[in-house]
Amino acid sequence: MLSLSTFLSSSNLILQAILCLSLTVFLSFLNIPALFLYGLHTYVHPDDVTPNNSSRGGVKAAIRRPGTVESELKPRKKSKEKFEFDESKAQIFRLKLNDGHLQTRIYFKQFSGAFNSTIVAISCLLLQKFLRVSKESGILKNGSVIPISLGFAGICRVFVLIVKISFERSASKSSEKLLSILLGVIGFFWGLAIVCEMVPQWVIDIDFKSLDGLVKLFIAIFMGCIVGFFYTPAMKNARAFWLGTDQIRCNLSIISCGWFARMLLYANYFLVVFTSTLWFSPFTEILLNKKTDGTKGLHFIVRNKNPGELAGSLGMTQSDFHKFRVWCLLGSGLLQFLSLRPNVQMFLNEAVLCWYQRLHSSKVPDLAYSRAKVFLHNHYICLVALQFFAPAAMILLFLGLSQIDDYVDFERLSGLVPSSALVKEVALFLAWWAIFVWATFTSMALALYRRGVLYVS
């Protein structure tokens, strides 16, 4: 007769399988990604809205889809008469996105698949955190193989998609693509210096002594890829924050977002920046109490101490500080996930700002650029949603994988790399690295916007 602990350990695999299958069916049936973007305001800027214009046949699309050929294009003849601007041709229409609209946008299926797979993987990782698991039973019997496989598969899927959309034509400027490659190379050498311990521990609180050279090289390459492929999404995130919080002081309700979304953008940015500093040793010295006597909680040892001697005597214990790091990473990932909707809305509103600026730039404005921008922002909405979603998904998945090592003996899974370093150190470090890169690019872009070097147009 099996004992209760053996029965519970063997039933974990069944529970994980039931959760995985039920969530997959549930998410595909409800189409949660479409509901997540449902109701966002998109815009259409037609060529001519004059109803009695028989020569043009009424309203026409702003520009043609990429790849179509128009055989009736003829060179325009210059008119000697004075041109009078028709205000009716400058109108813009606002539409609410529904499921039918989203189904026609490119990368919607990829966004939906990545969204669903990430939710399923995070749910299985969360379930594994609360299950009673025995190390001796093995990863197959205790059900750990399902969240591990789903976690790594989710990271690979999101990473491949972010690589694919980075080379999408017309999705970003050629200069941004070249700068992404350059930053990726710089990020690789910077990552190599960190994992090879060329950067001293009094700068970054990281210890990779248990890893061999091949694993360190792979981690450095992945760090460089994160730097290169996160550059363009981070710049869009900075523009969304700049517009959503009305930093340009345009006082246009159609451009900025409401108070709740604005507070969400502020909270997301400040928490991301704060979390990115938790792995730097000078900041760690302030929060970490290295002179504790073993008791838990905060310690205030300030009697007969100089201000310079307070570092290391005021703060949390090592275990509490580690938990604090994990909770900050979790909060950052969740806030980035919740900020997806206002960020996408600000991306669409950026095209409206361009239209507004072109409309008031001269007495006879040229609206061809704004028409193209409105169309492209409408056309690539799901691509941009995937760019905003990818960092949050990778942070949460890496964080979830870093917590499984408490319950699973990974030495049985692979003998190629040290198991504890793979799960506890590397996964948690890569989650922080994604946060750090995102915060660095966003902060640098906001500083350039503040100084007037960059501007939204």
# chains A, B, ... in the order shown; residues from 1 in each chain; ligands from 1
>>> select_by_dssp(residues="stretch 133-205 of chain A", states="helix (DSSP H, G or I)", output="PDB file with N, CA and C atoms, in the first residue's frame")
ATOM      1  N   LYS A 135      12.495  15.228  -3.852  1.00  0.00           N
ATOM      2  CA  LYS A 135      13.625  15.200  -4.772  1.00  0.00           C
ATOM      3  C   LYS A 135      13.957  13.783  -5.234  1.00  0.00           C
ATOM      4  N   GLU A 136      13.748  12.810  -4.361  1.00  0.00           N
ATOM      5  CA  GLU A 136      14.117  11.435  -4.702  1.00  0.00           C
ATOM      6  C   GLU A 136      13.195  10.814  -5.735  1.00  0.00           C
ATOM      7  N   SER A 137      12.019  11.379  -5.938  1.00  0.00           N
ATOM      8  CA  SER A 137      11.065  10.770  -6.864  1.00  0.00           C
ATOM      9  C   SER A 137      11.381  11.038  -8.319  1.00  0.00           C
ATOM     10  N   VAL A 145       8.676  18.039 -14.702  1.00  0.00           N
ATOM     11  CA  VAL A 145       9.083  18.082 -16.099  1.00  0.00           C
ATOM     12  C   VAL A 145       8.152  18.960 -16.931  1.00  0.00           C
ATOM     13  N   ILE A 146       6.878  19.068 -16.548  1.00  0.00           N
ATOM     14  CA  ILE A 146       5.933  19.880 -17.325  1.00  0.00           C
ATOM     15  C   ILE A 146       6.220  21.368 -17.189  1.00  0.00           C
ATOM     16  N   PRO A 147       6.303  21.946 -15.975  1.00  0.00           N
ATOM     17  CA  PRO A 147       6.617  23.379 -15.906  1.00  0.00           C
ATOM     18  C   PRO A 147       8.001  23.725 -16.432  1.00  0.00           C
ATOM     19  N   ILE A 148       8.977  22.807 -16.249  1.00  0.00           N
ATOM     20  CA  ILE A 148      10.312  23.080 -16.794  1.00  0.00           C
ATOM     21  C   ILE A 148      10.272  23.150 -18.311  1.00  0.00           C
ATOM     22  N   SER A 149       9.628  22.167 -18.938  1.00  0.00           N
ATOM     23  CA  SER A 149       9.549  22.137 -20.400  1.00  0.00           C
ATOM     24  C   SER A 149       8.763  23.332 -20.940  1.00  0.00           C
ATOM     25  N   LEU A 150       7.631  23.632 -20.309  1.00  0.00           N
ATOM     26  CA  LEU A 150       6.824  24.768 -20.762  1.00  0.00           C
ATOM     27  C   LEU A 150       7.553  26.084 -20.559  1.00  0.00           C
ATOM     28  N   GLY A 151       8.312  26.207 -19.473  1.00  0.00           N
ATOM     29  CA  GLY A 151       9.056  27.439 -19.230  1.00  0.00           C
ATOM     30  C   GLY A 151      10.120  27.689 -20.278  1.00  0.00           C
ATOM     31  N   PHE A 152      10.943  26.668 -20.549  1.00  0.00           N
ATOM     32  CA  PHE A 152      11.976  26.831 -21.566  1.00  0.00           C
ATOM     33  C   PHE A 152      11.375  26.994 -22.957  1.00  0.00           C
ATOM     34  N   ALA A 153      10.284  26.276 -23.251  1.00  0.00           N
ATOM     35  CA  ALA A 153       9.631  26.419 -24.556  1.00  0.00           C
ATOM     36  C   ALA A 153       9.046  27.817 -24.725  1.00  0.00           C
ATOM     37  N   GLY A 154       8.477  28.363 -23.650  1.00  0.00           N
ATOM     38  CA  GLY A 154       7.935  29.720 -23.727  1.00  0.00           C
ATOM     39  C   GLY A 154       9.006  30.757 -23.958  1.00  0.00           C
ATOM     40  N   ILE A 155      10.147  30.610 -23.284  1.00  0.00           N
ATOM     41  CA  ILE A 155      11.247  31.551 -23.489  1.00  0.00           C
ATOM     42  C   ILE A 155      11.767  31.472 -24.920  1.00  0.00           C
ATOM     43  N   CYS A 156      11.948  30.259 -25.424  1.00  0.00           N
ATOM     44  CA  CYS A 156      12.424  30.092 -26.801  1.00  0.00           C
ATOM     45  C   CYS A 156      11.435  30.671 -27.813  1.00  0.00           C
ATOM     46  N   ARG A 157      10.159  30.463 -27.572  1.00  0.00           N
ATOM     47  CA  ARG A 157       9.150  30.962 -28.500  1.00  0.00           C
ATOM     48  C   ARG A 157       9.133  32.481 -28.524  1.00  0.00           C
ATOM     49  N   VAL A 158       9.142  33.108 -27.364  1.00  0.00           N
ATOM     50  CA  VAL A 158       9.133  34.567 -27.301  1.00  0.00           C
ATOM     51  C   VAL A 158      10.414  35.134 -27.898  1.00  0.00           C
ATOM     52  N   PHE A 159      11.549  34.498 -27.625  1.00  0.00           N
ATOM     53  CA  PHE A 159      12.820  34.995 -28.136  1.00  0.00           C
ATOM     54  C   PHE A 159      12.878  34.902 -29.659  1.00  0.00           C
ATOM     55  N   VAL A 160      12.409  33.799 -30.215  1.00  0.00           N
ATOM     56  CA  VAL A 160      12.409  33.654 -31.681  1.00  0.00           C
ATOM     57  C   VAL A 160      11.501  34.694 -32.328  1.00  0.00           C
ATOM     58  N   LEU A 161      10.370  34.973 -31.711  1.00  0.00           N
ATOM     59  CA  LEU A 161       9.457  35.972 -32.270  1.00  0.00           C
ATOM     60  C   LEU A 161      10.048  37.373 -32.203  1.00  0.00           C
ATOM     61  N   ILE A 162      10.707  37.705 -31.100  1.00  0.00           N
ATOM     62  CA  ILE A 162      11.291  39.041 -30.988  1.00  0.00           C
ATOM     63  C   ILE A 162      12.439  39.206 -31.978  1.00  0.00           C
ATOM     64  N   VAL A 163      13.148  38.119 -32.277  1.00  0.00           N
ATOM     65  CA  VAL A 163      14.190  38.173 -33.306  1.00  0.00           C
ATOM     66  C   VAL A 163      13.567  38.362 -34.687  1.00  0.00           C
ATOM     67  N   LYS A 164      12.494  37.654 -34.949  1.00  0.00           N
ATOM     68  CA  LYS A 164      11.843  37.728 -36.254  1.00  0.00           C
ATOM     69  C   LYS A 164      11.281  39.110 -36.534  1.00  0.00           C
ATOM     70  N   ILE A 165      10.595  39.686 -35.557  1.00  0.00           N
ATOM     71  CA  ILE A 165       9.978  40.992 -35.802  1.00  0.00           C
ATOM     72  C   ILE A 165      11.008  42.112 -35.807  1.00  0.00           C
ATOM     73  N   SER A 166      12.197  41.864 -35.265  1.00  0.00           N
ATOM     74  CA  SER A 166      13.235  42.893 -35.309  1.00  0.00           C
ATOM     75  C   SER A 166      13.720  43.148 -36.725  1.00  0.00           C
ATOM     76  N   SER A 174      15.926  51.779 -40.746  1.00  0.00           N
ATOM     77  CA  SER A 174      17.187  51.067 -41.000  1.00  0.00           C
ATOM     78  C   SER A 174      18.263  51.466 -40.003  1.00  0.00           C
ATOM     79  N   SER A 175      18.255  52.733 -39.600  1.00  0.00           N
ATOM     80  CA  SER A 175      19.233  53.194 -38.615  1.00  0.00           C
ATOM     81  C   SER A 175      19.019  52.500 -37.273  1.00  0.00           C
ATOM     82  N   GLU A 176      17.766  52.257 -36.905  1.00  0.00           N
ATOM     83  CA  GLU A 176      17.488  51.551 -35.657  1.00  0.00           C
ATOM     84  C   GLU A 176      17.957  50.107 -35.721  1.00  0.00           C
ATOM     85  N   LYS A 177      17.795  49.462 -36.877  1.00  0.00           N
ATOM     86  CA  LYS A 177      18.273  48.089 -37.029  1.00  0.00           C
ATOM     87  C   LYS A 177      19.792  48.012 -36.909  1.00  0.00           C
ATOM     88  N   LEU A 178      20.496  48.952 -37.550  1.00  0.00           N
ATOM     89  CA  LEU A 178      21.961  48.954 -37.469  1.00  0.00           C
ATOM     90  C   LEU A 178      22.436  49.251 -36.052  1.00  0.00           C
ATOM     91  N   LEU A 179      21.766  50.195 -35.393  1.00  0.00           N
ATOM     92  CA  LEU A 179      22.141  50.507 -34.019  1.00  0.00           C
ATOM     93  C   LEU A 179      21.851  49.344 -33.085  1.00  0.00           C
ATOM     94  N   SER A 180      20.793  48.580 -33.356  1.00  0.00           N
ATOM     95  CA  SER A 180      20.498  47.397 -32.544  1.00  0.00           C
ATOM     96  C   SER A 180      21.610  46.362 -32.655  1.00  0.00           C
ATOM     97  N   ILE A 181      22.113  46.166 -33.878  1.00  0.00           N
ATOM     98  CA  ILE A 181      23.217  45.214 -34.070  1.00  0.00           C
ATOM     99  C   ILE A 181      24.464  45.678 -33.331  1.00  0.00           C
ATOM    100  N   LEU A 182      24.772  46.977 -33.434  1.00  0.00           N
ATOM    101  CA  LEU A 182      25.948  47.517 -32.751  1.00  0.00           C
ATOM    102  C   LEU A 182      25.820  47.381 -31.239  1.00  0.00           C
ATOM    103  N   LEU A 183      24.658  47.705 -30.708  1.00  0.00           N
ATOM    104  CA  LEU A 183      24.437  47.571 -29.268  1.00  0.00           C
ATOM    105  C   LEU A 183      24.473  46.114 -28.822  1.00  0.00           C
ATOM    106  N   GLY A 184      24.010  45.210 -29.692  1.00  0.00           N
ATOM    107  CA  GLY A 184      24.084  43.790 -29.374  1.00  0.00           C
ATOM    108  C   GLY A 184      25.518  43.308 -29.227  1.00  0.00           C
ATOM    109  N   VAL A 185      26.396  43.788 -30.105  1.00  0.00           N
ATOM    110  CA  VAL A 185      27.820  43.419 -30.005  1.00  0.00           C
ATOM    111  C   VAL A 185      28.425  43.980 -28.723  1.00  0.00           C
ATOM    112  N   ILE A 186      28.093  45.228 -28.418  1.00  0.00           N
ATOM    113  CA  ILE A 186      28.597  45.830 -27.175  1.00  0.00           C
ATOM    114  C   ILE A 186      28.057  45.074 -25.962  1.00  0.00           C
ATOM    115  N   GLY A 187      26.779  44.704 -26.016  1.00  0.00           N
ATOM    116  CA  GLY A 187      26.192  43.942 -24.927  1.00  0.00           C
ATOM    117  C   GLY A 187      26.839  42.582 -24.743  1.00  0.00           C
ATOM    118  N   PHE A 188      27.269  41.958 -25.847  1.00  0.00           N
ATOM    119  CA  PHE A 188      27.955  40.665 -25.748  1.00  0.00           C
ATOM    120  C   PHE A 188      29.273  40.807 -24.994  1.00  0.00           C
ATOM    121  N   PHE A 189      30.073  41.807 -25.352  1.00  0.00           N
ATOM    122  CA  PHE A 189      31.364  41.978 -24.671  1.00  0.00           C
ATOM    123  C   PHE A 189      31.172  42.410 -23.216  1.00  0.00           C
ATOM    124  N   TRP A 190      30.153  43.220 -22.959  1.00  0.00           N
ATOM    125  CA  TRP A 190      29.870  43.606 -21.584  1.00  0.00           C
ATOM    126  C   TRP A 190      29.398  42.397 -20.775  1.00  0.00           C
ATOM    127  N   GLY A 191      28.548  41.574 -21.383  1.00  0.00           N
ATOM    128  CA  GLY A 191      28.112  40.356 -20.703  1.00  0.00           C
ATOM    129  C   GLY A 191      29.251  39.386 -20.481  1.00  0.00           C
ATOM    130  N   LEU A 192      30.158  39.286 -21.453  1.00  0.00           N
ATOM    131  CA  LEU A 192      31.313  38.400 -21.294  1.00  0.00           C
ATOM    132  C   LEU A 192      32.202  38.872 -20.156  1.00  0.00           C
ATOM    133  N   ALA A 193      32.336  40.186 -20.009  1.00  0.00           N
ATOM    134  CA  ALA A 193      33.137  40.711 -18.907  1.00  0.00           C
ATOM    135  C   ALA A 193      32.489  40.406 -17.558  1.00  0.00           C
ATOM    136  N   ILE A 194      31.142  40.394 -17.513  1.00  0.00           N
ATOM    137  CA  ILE A 194      30.447  40.122 -16.250  1.00  0.00           C
ATOM    138  C   ILE A 194      30.566  38.651 -15.870  1.00  0.00           C
ATOM    139  N   VAL A 195      30.282  37.748 -16.806  1.00  0.00           N
ATOM    140  CA  VAL A 195      30.280  36.317 -16.471  1.00  0.00           C
ATOM    141  C   VAL A 195      31.686  35.780 -16.269  1.00  0.00           C
TER     142      VAL A 195
END
>>> residues_around(residues="stretch 246-259 of chain A", least_positions_apart="3", cutoff="10 Å", atoms="only C-alpha atoms", output="ChimeraX atom specification")
/A:41,239-243,262-265,342-343,345-353,356,446,449-450,455-456
>>> closest_residue(among="A:Phe115, A:Tyr269, A:Trp433, A:Phe218", to="A:Leu35", atoms="only C-alpha atoms")
A:Phe115
>>> closest_residue(among="A:Gln403, A:Thr232, A:Ser117, A:Ser28", to="A:Lys129", atoms="only C-alpha atoms")
A:Gln403
>>> closest_residue(among="A:Leu330, A:Val25, A:Leu15, A:Leu396", to="A:Phe130", atoms="only C-alpha atoms")
A:Leu15
>>> closest_residue(among="A:Asp320, A:Gln357, A:Ile404, A:Trp432", to="A:Leu278", atoms="only C-alpha atoms")
A:Trp432
>>> residues_around(residues="A:Ala34", least_positions_apart="2", cutoff="9 Å", atoms="only C-alpha atoms", output="number ranges by chain")
A: 30-32, 36-38, 98-99, 102-103, 108, 112
>>> write_last_selection(atoms="N, CA and C atoms", output="compact mmCIF listing (two decimals), in the first residue's frame")
# COMPACT_ATOMS: atom_id res chain seq x y z
N LEU A 30 -11.73 31.26 -25.26
CA LEU A 30 -12.11 32.64 -24.94
C LEU A 30 -11.35 33.68 -25.75
N ASN A 31 -10.25 33.29 -26.37
CA ASN A 31 -9.44 34.23 -27.16
C ASN A 31 -9.04 35.44 -26.31
N ILE A 32 -8.35 35.17 -25.22
CA ILE A 32 -7.97 36.20 -24.26
C ILE A 32 -7.10 37.29 -24.88
N PHE A 36 -7.81 41.22 -24.62
CA PHE A 36 -6.85 42.10 -23.97
C PHE A 36 -6.65 43.39 -24.75
N LEU A 37 -6.75 43.32 -26.08
CA LEU A 37 -6.60 44.50 -26.93
C LEU A 37 -7.93 45.07 -27.40
N TYR A 38 -9.01 44.46 -26.95
CA TYR A 38 -10.33 44.88 -27.42
C TYR A 38 -10.65 46.29 -26.90
N ASN A 98 -12.02 45.66 -32.60
CA ASN A 98 -12.77 44.49 -32.17
C ASN A 98 -12.06 43.24 -32.67
N ASP A 99 -12.64 42.10 -32.43
CA ASP A 99 -11.99 40.84 -32.79
C ASP A 99 -11.79 40.72 -34.30
N LEU A 102 -8.69 42.81 -35.30
CA LEU A 102 -7.43 42.23 -34.86
C LEU A 102 -7.05 40.99 -35.67
N GLN A 103 -8.04 40.24 -36.13
CA GLN A 103 -7.75 39.04 -36.92
C GLN A 103 -7.06 39.37 -38.23
N PHE A 108 -0.88 38.76 -35.45
CA PHE A 108 -1.86 38.53 -34.41
C PHE A 108 -1.81 37.08 -33.93
N SER A 112 -1.01 35.97 -30.19
CA SER A 112 -1.96 35.15 -29.46
C SER A 112 -1.32 33.86 -28.95
>>> select_by_dssp(residues="stretch 167-318 of chain A", states="strand (DSSP E or B)", output="PyMOL selection string")
chain A and resi 204+280+288+299-300+314-316
>>> write_last_selection(atoms="N, CA and C atoms", output="PDB file, in the first residue's frame")
ATOM      1  N   ILE A 204      29.021  44.651  -9.240  1.00  0.00           N
ATOM      2  CA  ILE A 204      27.811  43.853  -9.471  1.00  0.00           C
ATOM      3  C   ILE A 204      27.862  42.622  -8.574  1.00  0.00           C
ATOM      4  N   PHE A 280      23.451  45.832  -7.965  1.00  0.00           N
ATOM      5  CA  PHE A 280      24.686  46.616  -7.877  1.00  0.00           C
ATOM      6  C   PHE A 280      25.120  46.690  -6.411  1.00  0.00           C
ATOM      7  N   LEU A 288      21.344  45.730   2.666  1.00  0.00           N
ATOM      8  CA  LEU A 288      21.709  44.443   3.258  1.00  0.00           C
ATOM      9  C   LEU A 288      22.434  44.656   4.575  1.00  0.00           C
ATOM     10  N   HIS A 299      17.090  45.736  10.905  1.00  0.00           N
ATOM     11  CA  HIS A 299      17.977  45.982  12.032  1.00  0.00           C
ATOM     12  C   HIS A 299      18.437  47.430  11.973  1.00  0.00           C
ATOM     13  N   PHE A 300      18.411  48.108  13.079  1.00  0.00           N
ATOM     14  CA  PHE A 300      18.821  49.493  13.163  1.00  0.00           C
ATOM     15  C   PHE A 300      19.915  49.608  14.234  1.00  0.00           C
ATOM     16  N   LEU A 314      22.514  48.579   8.546  1.00  0.00           N
ATOM     17  CA  LEU A 314      21.119  48.985   8.452  1.00  0.00           C
ATOM     18  C   LEU A 314      20.486  48.279   7.272  1.00  0.00           C
ATOM     19  N   GLY A 315      19.507  47.416   7.510  1.00  0.00           N
ATOM     20  CA  GLY A 315      18.866  46.765   6.389  1.00  0.00           C
ATOM     21  C   GLY A 315      18.351  45.388   6.715  1.00  0.00           C
ATOM     22  N   MET A 316      18.252  44.542   5.674  1.00  0.00           N
ATOM     23  CA  MET A 316      17.660  43.217   5.786  1.00  0.00           C
ATOM     24  C   MET A 316      18.733  42.150   5.862  1.00  0.00           C
TER      25      MET A 316
END
>>> atom_distance(atom1="atom CA of A:Ala372", atom2="atom CA of A:Arg105")
16.1 Å
>>> residues_around(residues="stretch 323-327 of chain A", least_positions_apart="5", cutoff="12 Å", atoms="only C-alpha atoms", output="ChimeraX atom specification")
/A:271-272,274-280,284,287-288,297,315-318,332-334,395-396,398-403,424,427-429,431-432,435
>>> atom_distance(atom1="atom CA of A:Tyr43", atom2="atom CA of A:Ile106")
16.7 Å
>>> residues_around(residues="A:Leu386", least_positions_apart="2", cutoff="10 Å", atoms="only C-alpha atoms", output="ChimeraX atom specification")
/A:107-108,110-112,114-115,158,161-162,165,233,340,344,380-384,388-391,393
>>> write_last_selection(atoms="C-alpha atoms", output="mmCIF file, in the first residue's frame")
data_model
loop_
_atom_site.group_PDB
_atom_site.id
_atom_site.type_symbol
_atom_site.label_atom_id
_atom_site.label_comp_id
_atom_site.auth_asym_id
_atom_site.auth_seq_id
_atom_site.Cartn_x
_atom_site.Cartn_y
_atom_site.Cartn_z
ATOM 1 C CA TYR A 107 1.450 38.911 -36.225
ATOM 2 C CA PHE A 108 -1.860 38.531 -34.408
ATOM 3 C CA GLN A 110 1.964 34.889 -33.204
ATOM 4 C CA PHE A 111 0.989 37.305 -30.435
ATOM 5 C CA SER A 112 -1.962 35.149 -29.456
ATOM 6 C CA ALA A 114 2.927 33.569 -27.343
ATOM 7 C CA PHE A 115 0.401 35.095 -24.945
ATOM 8 C CA VAL A 158 9.133 34.567 -27.301
ATOM 9 C CA LEU A 161 9.457 35.972 -32.270
ATOM 10 C CA ILE A 162 11.291 39.041 -30.988
ATOM 11 C CA ILE A 165 9.978 40.992 -35.802
ATOM 12 C CA PRO A 233 10.922 47.972 -28.127
ATOM 13 C CA LEU A 340 0.814 46.514 -22.323
ATOM 14 C CA VAL A 344 -0.144 49.987 -27.350
ATOM 15 C CA TYR A 380 1.642 46.851 -37.135
ATOM 16 C CA ILE A 381 -0.383 47.076 -33.916
ATOM 17 C CA CYS A 382 -0.019 43.363 -33.055
ATOM 18 C CA LEU A 383 3.692 43.442 -33.866
ATOM 19 C CA VAL A 384 4.164 46.293 -31.384
ATOM 20 C CA PHE A 388 5.840 45.203 -25.415
ATOM 21 C CA PHE A 389 4.817 41.734 -24.260
ATOM 22 C CA ALA A 390 8.148 39.944 -24.844
ATOM 23 C CA PRO A 391 10.184 41.544 -21.991
ATOM 24 C CA ALA A 393 7.070 37.300 -20.554
#
